[in-house]
Amino acid sequence: MVKLTMIARVLDGLPLAEGLDTDASLDLEYYKQQAKTLFKKLGQNSSSHASGAGGAPPSRMSYESGEYFMHYVIESGVCYLTLCERNYPKKLAYSYLEELQREFADKHGMNVDSVARPYAFIKFDTFIQKTKKLYSDQRTQRNLEKLNEDLHDIQSIMTRNINDVLEQGERLDRVENMSGNLAMESKKYAKKAKDLSRQALIQKYMPVIVLVGLFICVYGFRRFFAAA
């Protein structure tokens with residue numbers, strides 16, 4: 001059964017819409033954070049691919065996460081992700097995502113690149129909930145027919161453990177933090193070097209400045225008393 005559905009822009013991981021399970025006793029915050037981490041990773045891979053530094057993220061992928069599976073579909077720069085129970089058929093999960101993709105692209109596809117605030121299409125939850133109900137019972141004639149369809153080479157879709165992505169994300173964050181710290185230390189070092197250079201110049205020329213000052217003072221006093 002579908003437990004969580006999230007839609008995000010691949011470029012920057014901006015959440016566009018979301019549909020939650022109606023069971024209030026189920027805490028999905030942990031899995032939402034995993035999904036957001038995954039969106040961030042997909043955005044980084046997409047940026048690397050655009051700059052020629054890496055490959056594009058897979059358009060379809062499944063991740064094992066405890067007692068659930070995460071499945072996603074990427075189409076036209078938008079990622080459609082769902083969290084399902086382990087025994088929920090993979091074919092139905094991807095059929096569900098593709099229905100969401102077609103409707104979302106039709107209704108909001110032209111506006112995805114221009115939005116700046118999170119959950120700009122939160123009203124799409126109405127369609128998410130309606131579609132989720134259609135897929136809630138695997139034994140309906142509709143869903144049995146879909147299970148028999150040859151849906152987009154489902155068997156070829158890779159499955160990985162979500163912890164692999166989370167660990168990669170943590171390593172990337174550590175590298176980014178180290179880079180930031182190095183940049184700050186470099187600035188501090190440059191400022192300290194500049195201050196030391198200024199102090200060295202002052203120490204070098206201070207005796208000359210003092211002597212010139214004394215000379216001016218003595219010369220000035222002598223001129224003053226000579227005039228008097």
# chains A, B, ... in the order shown; residues from 1 in each chain; ligands from 1
>>> residues_around(residues="Val2 of chain A", least_positions_apart="4", cutoff="10 Å", atoms="only C-alpha atoms", output="list in words")
Gly19, Leu20, Asp21, Tyr68, Phe69, Met70, Thr82, Leu83, Cys84, Glu85, Tyr88, Leu92, Ala93, Tyr96, Lys132, Lys133, Tyr135 and Ser136 of chain A
>>> residues_around(residues="segment 111-115 of chain A", least_positions_apart="6", cutoff="12 Å", atoms="only C-alpha atoms", output="ChimeraX atom specification")
/A:7-17,75-79,104-105,121
>>> select_by_dssp(residues="segment 62-176 of chain A", states="alpha helix (DSSP H)", output="ChimeraX atom specification")
/A:90-108,125-134,141-147,162-176
>>> atom_distance(atom1="atom CA of Ala120 of chain A", atom2="atom CA of Met6 of chain A")
12.6 Å
>>> closest_residue(among="A:Arg198, A:Ile216, A:Pro58, A:Asp125", to="Gly43 of chain A", atoms="only C-alpha atoms")
A:Pro58
>>> closest_residue(among="A:Met110, A:Ala116, A:Pro57, A:Lys130", to="Lys41 of chain A", atoms="only C-alpha atoms")
A:Pro57
>>> closest_residue(among="A:Asn161, A:Gln129, A:Ser62, A:Ser95", to="Arg142 of chain A", atoms="only C-alpha atoms")
A:Ser95
>>> atom_distance(atom1="atom CA of Phe127 of chain A", atom2="atom CA of Thr159 of chain A")
27.4 Å
>>> atom_distance(atom1="atom CA of Pro118 of chain A", atom2="atom CA of Thr131 of chain A")
22.4 Å
>>> decode(residues="segment 2-43 of chain A", atoms="C-alpha atoms", output="compact mmCIF listing (two decimals), in the first residue's frame")
# COMPACT_ATOMS: atom_id res chain seq x y z
CA VAL A 2 1.15 3.55 -0.77
CA LYS A 3 2.16 5.42 2.39
CA LEU A 4 3.77 8.63 1.18
CA THR A 5 3.97 10.55 -2.09
CA MET A 6 6.25 13.51 -2.79
CA ILE A 7 6.89 15.52 -5.95
CA ALA A 8 9.99 17.71 -6.27
CA ARG A 9 11.95 19.68 -8.84
CA VAL A 10 15.13 17.77 -9.69
CA LEU A 11 17.33 20.82 -10.27
CA ASP A 12 17.27 22.01 -6.66
CA GLY A 13 15.11 19.51 -4.77
CA LEU A 14 12.32 22.07 -4.23
CA PRO A 15 9.18 20.23 -2.97
CA LEU A 16 6.26 20.91 -5.31
CA ALA A 17 3.46 18.73 -3.91
CA GLU A 18 2.89 16.02 -1.33
CA GLY A 19 0.34 13.40 -0.39
CA LEU A 20 0.45 11.68 3.01
CA ASP A 21 -1.08 8.50 4.32
CA THR A 22 -4.35 9.13 6.14
CA ASP A 23 -3.28 6.95 9.07
CA ALA A 24 -2.45 9.54 11.74
CA SER A 25 -0.72 6.95 13.94
CA LEU A 26 2.00 6.39 11.33
CA ASP A 27 5.00 8.70 11.76
CA LEU A 28 6.44 9.36 8.29
CA GLU A 29 8.76 12.25 9.16
CA TYR A 30 11.82 9.97 9.12
CA TYR A 31 11.01 8.82 5.60
CA LYS A 32 10.24 12.35 4.47
CA GLN A 33 13.74 13.37 5.52
CA GLN A 34 15.16 10.42 3.59
CA ALA A 35 13.19 11.49 0.52
CA LYS A 36 14.48 15.07 0.81
CA THR A 37 18.05 13.79 1.08
CA LEU A 38 17.44 11.74 -2.05
CA PHE A 39 16.07 14.79 -3.89
CA LYS A 40 19.20 16.73 -2.91
CA LYS A 41 21.42 13.93 -4.21
CA LEU A 42 19.48 13.77 -7.49
CA GLY A 43 19.87 17.53 -7.90
